[in-house]
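Notes for the one structure printed next.
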Amino acid sequence: MRTAIIFLVSFTIGYYIFLLFSHPGKKKHKLPNIRIRNVELLPNFKIHGRHKTYHIHHWVVLSLALAVGAFLYEGIIRSPLFNGVTVGGILQGLRYKDRFKIRYPKQFSGRKQ
């Protein structure tokens with residue numbers, strides 16, 4: 001019972017954290033721009049190629065983390081807290097219309113090139 005309560009509370013917290021930081025209409029909660037060469041880490045994970053930009057959505061990254069966690073037997077990655085936050089973030093990310101669109105025309109963000 002305790003595990004289910006921890007999972008539900010962390011699911012709710014994860015859902016709202018990812019809603020706060022990933023919702024395009026919430027301009028007042030902007031994350032800093034962090035970019036290393038052609039890889040933009042924040043506010044969105046994007047890889048800028050010559051002619052295309054690839055946007056790796058947070059729900060994809062969280063799904064990979066959850067899949068890796070399914071094969072580990074100990075540690076934080078197997079806790080109901082981690083699993084709840086991860087599942088909450090995945091479901092929040094799947095609400096958007098562009099959830100399966102990864103490739104976009106070339107975009108320049110952060111600095112001018």
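We name chains A, B, ... following the order of the structure tokens; residues begin at 1 in each chain, and ligands are numbered from 1 as shown.
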
Point to revise | All residues 9 Å or closer to Leu81 (chain A), only C-alpha atoms, same chain fewer than 6 positions away omitted, as a list of chain:residue names | key: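 My list of contacting residues is A:Thr3, A:Ile6, A:Phe7, A:Leu8, A:Val9, A:Ser10, A:Phe11.
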
Using the selection just defined, write its residues with C-alpha atoms as an mmCIF file, in the first residue's frame.
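The resulting file, result.cif, is reproduced below:
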```cif
data_model
loop_
_atom_site.group_PDB
_atom_site.id
_atom_site.type_symbol
_atom_site.label_atom_id
_atom_site.label_comp_id
_atom_site.auth_asym_id
_atom_site.auth_seq_id
_atom_site.Cartn_x
_atom_site.Cartn_y
_atom_site.Cartn_z
ATOM 1 C CA THR A 3 4.507 1.731 -2.472
ATOM 2 C CA ILE A 6 4.494 6.844 -3.122
ATOM 3 C CA PHE A 7 4.015 6.011 -6.801
ATOM 4 C CA LEU A 8 0.772 8.033 -7.097
ATOM 5 C CA VAL A 9 2.178 11.070 -5.298
ATOM 6 C CA SER A 10 5.395 11.027 -7.329
ATOM 7 C CA PHE A 11 3.395 10.468 -10.533
#
```

Point to revise | Who sits within 10 Å of Lys30 (chain A), only C-alpha atoms, same chain under 5 positions skipped, as number ranges by chain | key: A: 20-24, 42-43

Practice item. Fewer than 2 positions away in the same chain doesn't count, so skip those; otherwise give me all residues within 8 Å of Leu62 (chain A), counting only C-alpha atoms, as a ChimeraX atom specification. Key: /A:58-60,64-66,86-87,89-90

**Study point:** In chain A, DSSP strand (DSSP E or B) residues written as a PyMOL selection string
**Key:** chain A and resi 34-36+39-42+45-48+52-56+103-105

Practice item. Please give the complete set of residues from chain A that DSSP, run on the backbone, assigns to helix (DSSP H, G or I), formatted as an NGL selection string. Key: :A and (2-22 or 27-29 or 58-71 or 76-78 or 80-93)

Check your understanding: So which residues touch Gly88 (chain A) within 7 Å, counting only C-alpha atoms, skipping near sequence neighbours fewer than 3 positions away, as a list in words?
Key -> Phe11, Thr12, Gly14, Tyr15, Gly84, Val85, Leu91 and Gln92 of chain A

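Proximity to Met1 (chain A) was assessed for A:Arg50, A:Pro80, A:Asp98, A:Gly93 counting only C-alpha atoms; the smallest distance is recorded for A:Pro80.
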
Review point. What is the distance, in Å and to one decimal place, between CA of Ile47 (chain A) and CA of Leu19 (chain A)?
Key: 22.3 Å

Point to revise | Counting only C-alpha atoms, the option among A:Ala4, A:Ile102, A:Leu94, A:Ala67 closest to Phe45 (chain A) | key: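 For Phe45 (chain A), the nearest of the candidates is A:Ile102.
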
Revision key, fill the gap. One decimal place gives the CA of His57 (chain A)-CA of Phe100 (chain A) separation as 8.5 Å

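Using only C-alpha atoms, the nearest neighbour of Phe82 (chain A) within the list A:Ile13, A:Ile34, A:Arg2, A:Val39 is A:Ile13.
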
Point to revise | CA of His51 (chain A) to CA of Lys106 (chain A), straight-line distance in Å | key: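 Calculated distance between CA of Lys106 (chain A) and CA of His51 (chain A) is 5.2 Å.
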
**Study point:** Best match for closeness to Lys101 (chain A) among A:Lys46, A:His55, A:Arg78, A:Arg35, counting only C-alpha atoms
**Key:**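 The shortest atom-to-atom distance to Lys101 (chain A) comes from A:His55.
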